[in-house]
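Dropping my_file02.txt in here (compact mmCIF, C-alpha atoms):
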```
# COMPACT_ATOMS: atom_id res chain seq x y z
CA MET A 1 191.36 143.62 178.84
CA ASP A 2 190.07 144.11 182.35
CA ASN A 3 188.93 141.10 184.31
CA PRO A 4 186.54 142.24 187.04
CA ALA A 5 186.13 138.64 188.23
CA SER A 6 189.69 138.49 189.53
CA ALA A 7 189.30 141.77 191.41
CA ALA A 8 186.17 140.41 193.09
CA ILE A 9 187.97 137.23 194.06
CA LEU A 10 190.82 139.18 195.63
CA THR A 11 188.55 141.41 197.70
CA GLY A 12 189.07 140.76 201.39
CA MET A 13 191.83 138.20 200.77
CA SER A 14 195.57 138.44 201.31
CA ASP A 15 197.59 138.81 198.11
CA GLU A 16 200.56 136.98 199.67
CA SER A 17 201.30 133.26 199.24
CA ASP A 18 204.36 131.05 199.55
CA LEU A 19 203.86 129.79 195.99
CA LEU A 20 202.35 131.57 193.01
CA ILE A 21 201.46 128.82 190.54
CA VAL A 22 200.61 129.90 186.99
CA GLY A 23 198.57 127.23 185.20
CA GLY A 24 195.39 125.45 186.13
CA GLY A 25 195.73 122.20 184.18
CA LEU A 26 196.63 119.15 186.27
CA ASN A 27 200.17 119.84 187.49
CA GLY A 28 199.27 123.23 188.97
CA PRO A 29 196.64 122.03 191.44
CA ALA A 30 198.67 118.88 192.18
CA LEU A 31 201.63 121.04 193.22
CA ALA A 32 199.40 123.25 195.36
CA LEU A 33 198.10 120.17 197.21
CA ALA A 34 201.60 118.75 197.65
CA ALA A 35 202.84 122.09 198.99
CA ALA A 36 199.91 122.28 201.40
CA GLN A 37 201.05 119.02 203.00
CA ALA A 38 204.35 120.76 203.76
CA GLY A 39 202.56 123.73 205.32
CA LEU A 40 203.07 126.04 202.33
CA SER A 41 200.30 128.27 200.98
CA SER A 42 199.62 128.62 197.25
CA THR A 43 197.70 130.75 194.81
CA VAL A 44 196.83 128.98 191.54
CA ILE A 45 196.27 131.42 188.68
CA ASP A 46 194.11 129.66 186.10
CA SER A 47 193.20 131.11 182.72
CA LEU A 48 190.22 128.74 182.39
CA PRO A 49 186.83 129.43 183.98
CA ALA A 50 185.93 127.50 187.11
CA GLU A 51 183.17 125.50 185.41
CA THR A 52 185.73 123.95 183.02
CA ALA A 53 187.55 122.27 185.88
CA LEU A 54 184.35 120.73 187.26
CA ALA A 55 182.72 119.71 183.96
CA ASN A 56 181.37 116.16 184.11
CA ASP A 57 180.86 115.46 180.39
CA PHE A 58 183.17 112.85 178.88
CA ASP A 59 185.08 114.46 176.02
CA GLY A 60 187.29 111.50 175.10
CA ARG A 61 190.46 112.60 176.91
CA SER A 62 192.13 110.15 179.30
CA TYR A 63 195.51 109.62 180.93
CA ALA A 64 197.75 106.63 181.51
CA LEU A 65 198.89 107.05 185.10
CA ALA A 66 201.99 105.04 186.02
CA LEU A 67 201.90 103.21 189.34
CA ALA A 68 204.22 105.84 190.85
CA SER A 69 201.77 108.58 189.84
CA GLN A 70 198.89 106.63 191.38
CA ARG A 71 200.85 106.42 194.63
CA MET A 72 201.28 110.19 194.56
CA LEU A 73 197.56 110.78 194.07
CA ALA A 74 196.88 108.42 196.97
CA ARG A 75 199.31 110.37 199.18
CA LEU A 76 197.47 113.56 198.23
CA GLY A 77 194.19 111.98 199.38
CA LEU A 78 192.63 111.71 195.92
CA TRP A 79 192.71 108.02 195.07
CA ASP A 80 189.69 106.91 197.08
CA GLU A 81 187.59 109.21 194.90
CA LEU A 82 189.29 108.11 191.67
CA ALA A 83 189.57 104.36 192.24
CA ASP A 84 186.04 103.53 191.09
CA HIS A 85 186.67 105.39 187.81
CA ALA A 86 190.13 103.91 187.14
CA GLN A 87 190.97 100.98 184.88
CA PRO A 88 194.06 98.99 185.96
CA MET A 89 196.57 98.29 183.17
CA LEU A 90 197.44 94.65 183.73
CA GLU A 91 199.33 93.91 180.51
CA ILE A 92 201.03 95.80 177.69
CA LYS A 93 201.38 94.23 174.24
CA VAL A 94 203.62 95.78 171.61
CA THR A 95 203.74 94.99 167.90
CA ASP A 96 205.48 96.33 164.81
CA GLY A 97 202.36 96.71 162.69
CA ARG A 98 200.91 97.78 159.39
CA ALA A 99 197.37 98.84 158.49
CA GLY A 100 195.25 95.75 158.02
CA GLU A 101 197.42 93.52 160.20
CA GLY A 102 195.85 94.44 163.56
CA ALA A 103 197.43 92.48 166.39
CA ALA A 104 198.75 89.67 164.22
CA PHE A 105 202.29 89.64 165.70
CA LEU A 106 203.00 90.56 169.28
CA GLY A 107 206.69 91.39 169.69
CA LEU A 108 206.59 92.25 173.40
CA HIS A 109 204.29 91.20 176.20
CA PHE A 110 204.58 92.84 179.61
CA ASP A 111 202.49 91.37 182.45
CA HIS A 112 202.07 93.08 185.82
CA ALA A 113 202.30 89.68 187.50
CA GLU A 114 206.07 89.79 186.91
CA ILE A 115 206.49 92.56 189.51
CA GLU A 116 205.35 92.58 193.12
CA GLU A 117 203.89 96.08 193.38
CA GLY A 118 200.62 95.57 191.46
CA PRO A 119 199.23 96.95 188.18
CA MET A 120 201.71 98.87 186.02
CA GLY A 121 199.34 101.80 186.03
CA TYR A 122 195.76 103.00 185.63
CA MET A 123 193.74 104.73 182.94
CA VAL A 124 191.70 107.65 184.28
CA GLU A 125 189.46 110.00 182.30
CA ASP A 126 190.36 113.67 182.31
CA ARG A 127 186.98 114.70 183.77
CA TYR A 128 187.45 112.59 186.91
CA LEU A 129 191.08 113.50 187.55
CA ARG A 130 190.55 117.21 186.96
CA ARG A 131 187.46 117.32 189.16
CA ALA A 132 189.15 115.40 192.00
CA LEU A 133 192.10 117.80 191.98
CA TRP A 134 190.00 120.95 192.03
CA GLN A 135 187.56 119.69 194.63
CA ALA A 136 190.52 118.90 196.89
CA VAL A 137 191.89 122.40 196.22
CA ASP A 138 188.55 123.93 197.18
CA ARG A 139 188.62 122.02 200.47
CA CYS A 140 192.12 123.23 201.35
CA GLU A 141 192.25 126.46 203.36
CA THR A 142 195.83 127.27 202.35
CA ILE A 143 195.16 127.22 198.58
CA ARG A 144 193.50 130.03 196.66
CA HIS A 145 192.21 129.37 193.14
CA LEU A 146 191.86 132.33 190.76
CA PRO A 147 189.96 131.06 187.69
CA GLY A 148 189.58 133.12 184.54
CA CYS A 149 192.73 135.14 185.28
CA ARG A 150 195.81 135.79 183.16
CA VAL A 151 199.27 136.98 184.16
CA THR A 152 200.65 139.86 182.13
CA ALA A 153 203.88 140.60 184.03
CA GLN A 154 206.16 139.08 186.65
CA GLU A 155 209.09 140.42 188.62
CA ALA A 156 211.56 138.80 190.99
CA ARG A 157 212.48 141.04 193.90
CA PRO A 158 214.59 140.60 197.05
CA GLY A 159 212.79 138.01 199.16
CA GLY A 160 209.96 137.30 196.75
CA VAL A 161 208.16 137.64 193.43
CA THR A 162 205.28 139.77 192.17
CA VAL A 163 202.91 138.95 189.32
CA THR A 164 200.49 141.35 187.69
CA LEU A 165 197.13 140.15 186.38
CA GLU A 166 195.46 141.56 183.28
CA ASP A 167 193.14 143.74 185.40
CA GLY A 168 196.15 145.34 187.13
CA ALA A 169 195.84 143.41 190.40
CA GLN A 170 199.16 142.28 191.88
CA LEU A 171 199.98 139.12 193.81
CA HIS A 172 203.07 138.46 195.88
CA GLY A 173 204.81 135.25 196.80
CA ARG A 174 208.15 133.69 197.65
CA LEU A 175 208.39 131.39 194.60
CA LEU A 176 206.80 131.56 191.15
CA VAL A 177 206.04 128.24 189.45
CA GLY A 178 205.23 127.96 185.75
CA ALA A 179 202.80 125.10 185.09
CA ASP A 180 201.38 126.80 182.01
CA GLY A 181 202.27 124.40 179.19
CA ARG A 182 204.64 124.31 176.24
CA GLN A 183 203.91 127.90 175.31
CA SER A 184 204.69 128.94 178.87
CA GLY A 185 204.34 132.68 179.32
CA THR A 186 206.04 132.30 182.69
CA ALA A 187 209.18 130.90 181.06
CA ALA A 188 209.09 133.44 178.22
CA ARG A 189 208.79 136.41 180.60
CA ALA A 190 211.80 135.04 182.51
CA GLY A 191 213.82 134.90 179.29
CA ILE A 192 214.05 131.08 179.31
CA ARG A 193 214.41 129.76 175.76
CA ARG A 194 213.40 126.35 174.47
CA THR A 195 215.09 123.71 172.32
CA GLY A 196 213.09 121.36 170.14
CA TRP A 197 211.55 120.49 166.81
CA ARG A 198 208.36 119.34 165.14
CA TYR A 199 208.01 115.70 164.12
CA GLY A 200 205.79 116.31 161.12
CA GLN A 201 203.23 114.14 162.91
CA THR A 202 199.87 114.89 164.49
CA ALA A 203 198.15 112.77 167.14
CA LEU A 204 194.50 111.92 166.58
CA VAL A 205 192.93 111.33 169.98
CA CYS A 206 189.51 109.84 170.74
CA ALA A 207 187.74 107.21 172.81
CA ILE A 208 185.90 104.22 171.40
CA SER A 209 183.36 101.71 172.57
CA HIS A 210 183.95 98.12 171.45
CA GLU A 211 182.09 94.84 171.36
CA LYS A 212 184.59 92.62 173.20
CA PRO A 213 186.27 93.17 176.60
CA HIS A 214 189.87 94.45 176.67
CA HIS A 215 190.81 92.55 179.87
CA GLY A 216 192.92 95.48 181.06
CA ILE A 217 195.42 95.08 178.20
CA ALA A 218 197.07 98.12 176.60
CA HIS A 219 198.23 97.76 173.00
CA GLN A 220 200.92 99.71 171.16
CA PHE A 221 201.12 99.22 167.38
CA PHE A 222 204.13 100.81 165.68
CA MET A 223 202.84 101.82 162.25
CA PRO A 224 205.04 103.30 159.48
CA SER A 225 203.28 106.68 159.83
CA GLY A 226 203.52 106.71 163.63
CA PRO A 227 202.45 104.75 166.73
CA LEU A 228 198.88 103.74 167.57
CA ALA A 229 198.08 103.24 171.25
CA ILE A 230 194.90 101.46 172.40
CA LEU A 231 194.52 102.00 176.14
CA PRO A 232 191.83 100.32 178.26
CA LEU A 233 189.12 102.37 179.97
CA PRO A 234 186.45 101.11 182.39
CA GLY A 235 183.85 98.97 180.64
CA ASN A 236 184.14 98.03 176.98
CA ARG A 237 185.86 101.28 176.06
CA SER A 238 189.38 102.28 175.10
CA SER A 239 191.33 105.49 174.59
CA ILE A 240 193.03 105.92 171.22
CA VAL A 241 196.18 107.96 170.55
CA TRP A 242 196.91 107.59 166.87
CA SER A 243 199.79 109.36 165.10
CA GLU A 244 199.81 110.20 161.39
CA THR A 245 201.73 112.61 159.21
CA ASP A 246 200.44 116.18 159.54
CA ASP A 247 198.73 116.18 156.12
CA ALA A 248 197.13 112.77 156.59
CA ALA A 249 195.91 113.65 160.09
CA GLN A 250 194.32 116.86 158.80
CA ARG A 251 192.47 114.95 156.09
CA ILE A 252 191.36 112.18 158.46
CA ASN A 253 190.15 114.56 161.16
CA ALA A 254 188.05 116.46 158.62
CA LEU A 255 186.08 113.29 157.83
CA PRO A 256 182.63 112.57 159.27
CA ASP A 257 182.61 110.12 162.19
CA VAL A 258 181.62 107.14 160.01
CA ASP A 259 184.47 107.73 157.56
CA TYR A 260 186.90 108.44 160.40
CA LEU A 261 186.16 105.00 161.84
CA ASP A 262 186.56 103.43 158.40
CA VAL A 263 190.13 104.76 158.33
CA LEU A 264 190.82 103.63 161.91
CA ARG A 265 189.47 100.06 161.58
CA PRO A 266 192.19 98.59 159.32
CA ARG A 267 194.86 100.04 161.61
CA PHE A 268 193.03 98.88 164.69
CA GLY A 269 192.09 95.36 163.60
CA ASP A 270 189.07 93.36 164.78
CA PHE A 271 190.39 91.85 168.03
CA LEU A 272 187.90 93.95 170.05
CA GLY A 273 184.99 93.40 167.66
CA GLU A 274 182.88 96.25 166.34
CA ILE A 275 183.93 99.76 167.38
CA SER A 276 182.17 103.12 167.63
CA LEU A 277 183.19 106.58 168.82
CA ALA A 278 182.59 107.58 172.44
CA GLY A 279 183.16 111.29 173.06
CA ASP A 280 184.81 114.00 171.02
CA ARG A 281 187.80 113.81 168.67
CA PHE A 282 190.99 115.87 169.13
CA THR A 283 194.23 116.51 167.28
CA TYR A 284 197.59 117.56 168.70
CA PRO A 285 200.68 118.45 166.63
CA LEU A 286 203.64 116.45 167.95
CA SER A 287 206.96 117.98 168.83
CA LEU A 288 209.88 117.82 171.21
CA SER A 289 210.28 120.90 173.41
CA LEU A 290 212.71 121.30 176.30
CA ALA A 291 213.22 124.45 178.34
CA ASN A 292 216.91 125.35 178.38
CA SER A 293 216.59 125.81 182.15
CA PHE A 294 213.97 124.51 184.56
CA ILE A 295 214.68 127.31 187.03
CA GLY A 296 215.21 131.07 187.12
CA ASP A 297 215.29 133.89 189.66
CA ARG A 298 212.78 132.67 192.27
CA LEU A 299 211.22 130.59 189.51
CA ALA A 300 210.68 126.89 188.75
CA LEU A 301 209.01 125.20 185.77
CA VAL A 302 207.05 121.94 185.92
CA GLY A 303 205.27 119.73 183.39
CA ASP A 304 205.03 120.82 179.78
CA ALA A 305 206.37 124.26 180.71
CA ALA A 306 209.67 122.46 181.35
CA HIS A 307 209.48 119.62 178.82
CA GLY A 308 207.16 118.30 176.15
CA VAL A 309 207.87 114.87 174.64
CA HIS A 310 206.37 112.56 172.04
CA PRO A 311 203.42 110.57 173.48
CA ILE A 312 204.95 107.30 172.23
CA ALA A 313 205.51 106.09 175.80
CA GLY A 314 202.49 107.81 177.37
CA GLN A 315 204.74 109.54 179.90
CA GLY A 316 203.79 113.22 179.47
CA LEU A 317 201.58 113.61 182.53
CA ASN A 318 203.66 111.14 184.54
CA ALA A 319 206.80 113.20 183.91
CA GLY A 320 204.93 116.33 184.99
CA LEU A 321 203.70 114.72 188.19
CA ARG A 322 207.24 113.54 188.90
CA ASP A 323 208.36 117.18 188.54
CA VAL A 324 205.69 118.19 191.03
CA ALA A 325 206.69 115.47 193.50
CA ALA A 326 210.39 116.32 193.16
CA LEU A 327 209.83 120.06 193.59
CA ALA A 328 207.59 119.47 196.62
CA HIS A 329 210.27 117.17 198.08
CA VAL A 330 213.00 119.79 197.62
CA LEU A 331 210.88 122.65 199.00
CA THR A 332 209.74 120.61 202.00
CA HIS A 333 213.24 119.60 203.05
CA ALA A 334 214.60 123.11 202.49
CA ARG A 335 211.86 124.54 204.70
CA GLN A 336 212.56 121.96 207.41
CA ARG A 337 216.22 123.05 207.41
CA GLY A 338 215.22 126.70 207.71
CA GLU A 339 216.42 127.61 204.21
CA ASP A 340 214.84 130.13 201.89
CA PHE A 341 213.35 127.54 199.54
CA ALA A 342 213.38 129.93 196.55
CA GLN A 343 217.13 130.54 196.70
CA PRO A 344 219.20 129.49 193.65
CA ASP A 345 221.06 126.70 195.43
CA VAL A 346 217.78 125.11 196.58
CA LEU A 347 216.14 125.34 193.18
CA ALA A 348 219.31 123.92 191.62
CA ARG A 349 218.64 120.68 193.53
CA TYR A 350 215.28 120.40 191.78
CA GLN A 351 216.79 121.08 188.37
CA GLN A 352 219.62 118.60 188.90
CA TRP A 353 217.11 115.95 189.95
CA ARG A 354 214.71 116.37 187.06
CA ARG A 355 216.70 117.67 184.11
CA PHE A 356 218.70 114.49 183.47
CA ASP A 357 215.59 112.27 183.74
CA THR A 358 213.55 114.41 181.38
CA ALA A 359 216.40 114.77 178.87
CA THR A 360 216.79 110.99 178.91
CA LEU A 361 213.05 110.52 178.39
CA ALA A 362 213.00 113.05 175.57
CA GLY A 363 215.94 111.39 173.86
CA ALA A 364 214.47 107.91 174.22
CA THR A 365 211.05 108.88 172.84
CA ASP A 366 212.70 110.77 169.98
CA ILE A 367 214.86 107.77 169.02
CA PHE A 368 211.97 105.30 169.32
CA ASN A 369 209.72 107.45 167.17
CA ARG A 370 212.36 107.84 164.45
CA LEU A 371 213.27 104.15 164.59
CA PHE A 372 209.70 102.85 164.41
CA SER A 373 207.91 105.48 162.28
CA ASN A 374 209.09 104.09 158.96
CA ASP A 375 208.72 100.97 156.84
CA ASN A 376 212.38 100.34 156.01
CA PRO A 377 212.66 96.51 155.75
CA LEU A 378 216.12 96.40 157.36
CA LEU A 379 215.05 98.56 160.31
CA ARG A 380 211.83 96.58 160.57
CA ALA A 381 213.74 93.28 160.79
CA GLY A 382 216.10 94.76 163.38
CA ARG A 383 213.21 96.10 165.45
CA ASP A 384 211.47 92.72 165.47
CA LEU A 385 214.67 90.92 166.48
CA GLY A 386 215.24 93.46 169.24
CA MET A 387 211.73 93.02 170.64
CA LYS A 388 212.09 89.23 170.52
CA ALA A 389 215.40 89.49 172.40
CA VAL A 390 213.85 91.59 175.16
CA GLN A 391 210.88 89.24 175.37
CA ALA A 392 213.21 86.26 175.79
CA VAL A 393 215.17 87.72 178.75
CA PRO A 394 213.07 87.92 181.96
CA ALA A 395 215.37 90.45 183.66
CA LEU A 396 215.15 92.83 180.69
CA ARG A 397 211.41 92.35 180.52
CA ARG A 398 210.96 93.14 184.22
CA GLY A 399 213.16 96.20 183.80
CA PHE A 400 210.85 97.53 181.09
CA ILE A 401 207.81 96.77 183.24
CA ARG A 402 209.25 98.69 186.19
CA GLU A 403 210.14 101.58 183.90
CA ALA A 404 206.57 101.68 182.56
CA ALA A 405 205.30 101.67 186.15
CA GLY A 406 207.52 104.65 187.02
CA LEU A 407 209.37 102.69 189.70
CA THR A 408 212.94 103.26 188.51
CA GLY A 409 215.38 105.98 189.51
CA ASP A 410 215.40 108.20 192.60
CA LEU A 411 211.74 108.55 193.53
CA PRO A 412 210.45 111.60 195.42
CA GLU A 413 208.77 110.84 198.74
CA LEU A 414 205.24 111.28 197.35
CA MET A 415 205.85 108.45 194.85
CA ARG A 416 207.42 105.90 197.17
CA GLY A 417 205.52 102.82 198.28
```
Can the structure in the file be given as structure tokens, please?
Amino acid sequence: MDNPASAAILTGMSDESDLLIVGGGLNGPALALAAAQAGLSSTVIDSLPAETALANDFDGRSYALALASQRMLARLGLWDELADHAQPMLEIKVTDGRAGEGAAFLGLHFDHAEIEEGPMGYMVEDRYLRRALWQAVDRCETIRHLPGCRVTAQEARPGGVTVTLEDGAQLHGRLLVGADGRQSGTAARAGIRRTGWRYGQTALVCAISHEKPHHGIAHQFFMPSGPLAILPLPGNRSSIVWSETDDAAQRINALPDVDYLDVLRPRFGDFLGEISLAGDRFTYPLSLSLANSFIGDRLALVGDAAHGVHPIAGQGLNAGLRDVAALAHVLTHARQRGEDFAQPDVLARYQQWRRFDTATLAGATDIFNRLFSNDNPLLRAGRDLGMKAVQAVPALRRGFIREAAGLTGDLPELMRG
């Protein structure tokens, strides 16, 4: 299909950029902004229309931003705009639960007061984060946004890359970045295969309003069918990420809102009083998906295009933003040394930095999900003993808190305090 809109956008503009970024979710514009700070120009090719990025209606989607991710957004000049819409996560409480038990037993309790840096993270609604990113992009003279455009072909050539849009227009750059999700066309066109599997689980995602305040506490209940996360939003609202088997999730999601809540309540408990839906409901099939390589010929992958993990630890977006920060770090330092930043040896530094971390995260979330998503009495007893042991050792507890805050490992410059 022809796309006359993209041809109109290109009229009178150069088709050459340092970075060609395919994907207009959150990681794509974040990378463009990070690259701009290093003096690199970007073109973000976005399949969604421009009005989607700037929509102000609350649809129920929110993100748990680790403290390291919040630091990055502050370094990109976005946090002043987001701060008033962000809910600090002051505590995390974890229980091995069953429907009807609610928050009866709390196996782990993490409190931000045990570390010096501040809240472990922040909850931010999708509409605010997306809008802040794209408004910053629009203000940046070195970033071009092409909404409503799709890439149909890509080719690495000596000194650069070329992509072809569906209307036949061609764009040229020095490095191609795939930020286009788990079904990344950028990776597929480069011949990069993926390793992974389905979990037989589907996440039911929504937001709720509740009678009692949450006090900035995030809850994680490990149910036999899958984890249930209750994450605090501004006001008396929370974001719900609720995993069930595929068949059960399909049946539950087909229910009217009243019946949907009737199924949620016994899993949720009554510690927040009466609950009601706030915003739309979504479902996402859960799987593990890792690209066999994060790089190719003048190509790098970030976010879900490189790795997709179970949401059990709420680290999906945080891992993507860490990719962005690491890639920006590598490109910036290569440019300062006068290197061609799209050369294989430079991109290998990015892959070496991020591949081990993401493989470790994928393995940990996979093991946790398999360990906790069952009702075996022996495993259940072992899990409870393990959580009690961690809770009893302050050093272990602080280690988990720092991990949740994204403060462990070799941090890219954008995420350092």
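Taking all atoms listed in the file into account, the polymer residues that have an atom no farther than 9 Å from (212.7, 123.0, 169.3) are Arg194, Thr195, Gly196, Trp197, Arg198, Ser287, Leu288, Ser289 and Leu290 of chain A.
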How would the residues just chosen look if you wrote them out with C-alpha atoms as a compact mmCIF listing (two decimals), in the coordinates of the input?
```
# COMPACT_ATOMS: atom_id res chain seq x y z
CA ARG A 194 213.40 126.35 174.47
CA THR A 195 215.09 123.71 172.32
CA GLY A 196 213.09 121.36 170.14
CA TRP A 197 211.55 120.49 166.81
CA ARG A 198 208.36 119.34 165.14
CA SER A 287 206.96 117.98 168.83
CA LEU A 288 209.88 117.82 171.21
CA SER A 289 210.28 120.90 173.41
CA LEU A 290 212.71 121.30 176.30
```
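The space separating atom CA of A:Arg355 from atom CA of A:Ala326 comes to 11.1 Å.
One distance worth recording is that between atom CA of A:Ile92 and atom CA of A:Asp111, which is 6.7 Å.
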Task: Residue neighbourhood A:Arg182, 8 Å, all atoms listed in the file, exclusion window fewer than 4 positions, as number ranges by chain - done: A: 289, 304-308
Task: Nearby residues (all atoms listed in the file) at most 9 Å from A:Ile217, same-chain spacing under 5 positions excluded, as a list in words - done: Pro88, Met89, Leu90, Glu91, Ile92, Lys93, Ile230, Leu231 and Pro232 of chain A
- [ ] Measuring atom to atom with only C-alpha atoms, identify which of A:Pro29, A:Asp18, A:Arg354, A:Gln315 is nearest to A:Asp138.
- [x] A:Pro29
Give the centre and edge lengths of an axis-aligned box, in Å to one decimal, that holds all listed atoms of stretch 228-233 of chain A with 6 Å on each side, as AutoDock Vina command-line options.
```
--center_x 194.0 --center_y 102.0 --center_z 173.8 --size_x 21.8 --size_y 15.4 --size_z 24.4
```
Task: Contacts of stretch 50-66 of chain A within 8 Å, only C-alpha atoms, excl. fewer than 6 positions in-chain, as a PyMOL selection string - done: chain A and resi 120-128+130-131+134+147-148+205-207+231+239+278-281+314-315+317-318+404-406
TODO: In the coordinate frame of the file, compute which residues have an atom within 9 Å of (202.5, 108.1, 201.4) when using only C-alpha atoms, and state them as a VMD selection string.
DONE: chain A and resid 71 to 72 74 to 76 413 to 417
Output for the residues just chosen: C-alpha atoms as a CSV table (one decimal), in the coordinates of the input:
```csv
chain,number,residue,atom,x,y,z
A,71,ARG,CA,200.8,106.4,194.6
A,72,MET,CA,201.3,110.2,194.6
A,74,ALA,CA,196.9,108.4,197.0
A,75,ARG,CA,199.3,110.4,199.2
A,76,LEU,CA,197.5,113.6,198.2
A,413,GLU,CA,208.8,110.8,198.7
A,414,LEU,CA,205.2,111.3,197.4
A,415,MET,CA,205.8,108.4,194.8
A,416,ARG,CA,207.4,105.9,197.2
A,417,GLY,CA,205.5,102.8,198.3
```
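With only C-alpha atoms as the basis for measurement, A:Leu261 is the residue among A:Leu19, A:Ala38, A:Leu261, A:Ile115 that approaches A:Ile208 most closely.
The interatomic distance for the pair atom CA of A:Ala68 and atom CA of A:Glu117 works out to 10.1 Å.
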- [ ] Find the residues near A:Phe294: any atom within 7 Å, counting only C-alpha atoms, skip ones fewer than 5 places away on the same chain, and give them as a PyMOL selection string.
- [x] chain A and resi 300-301+306+351
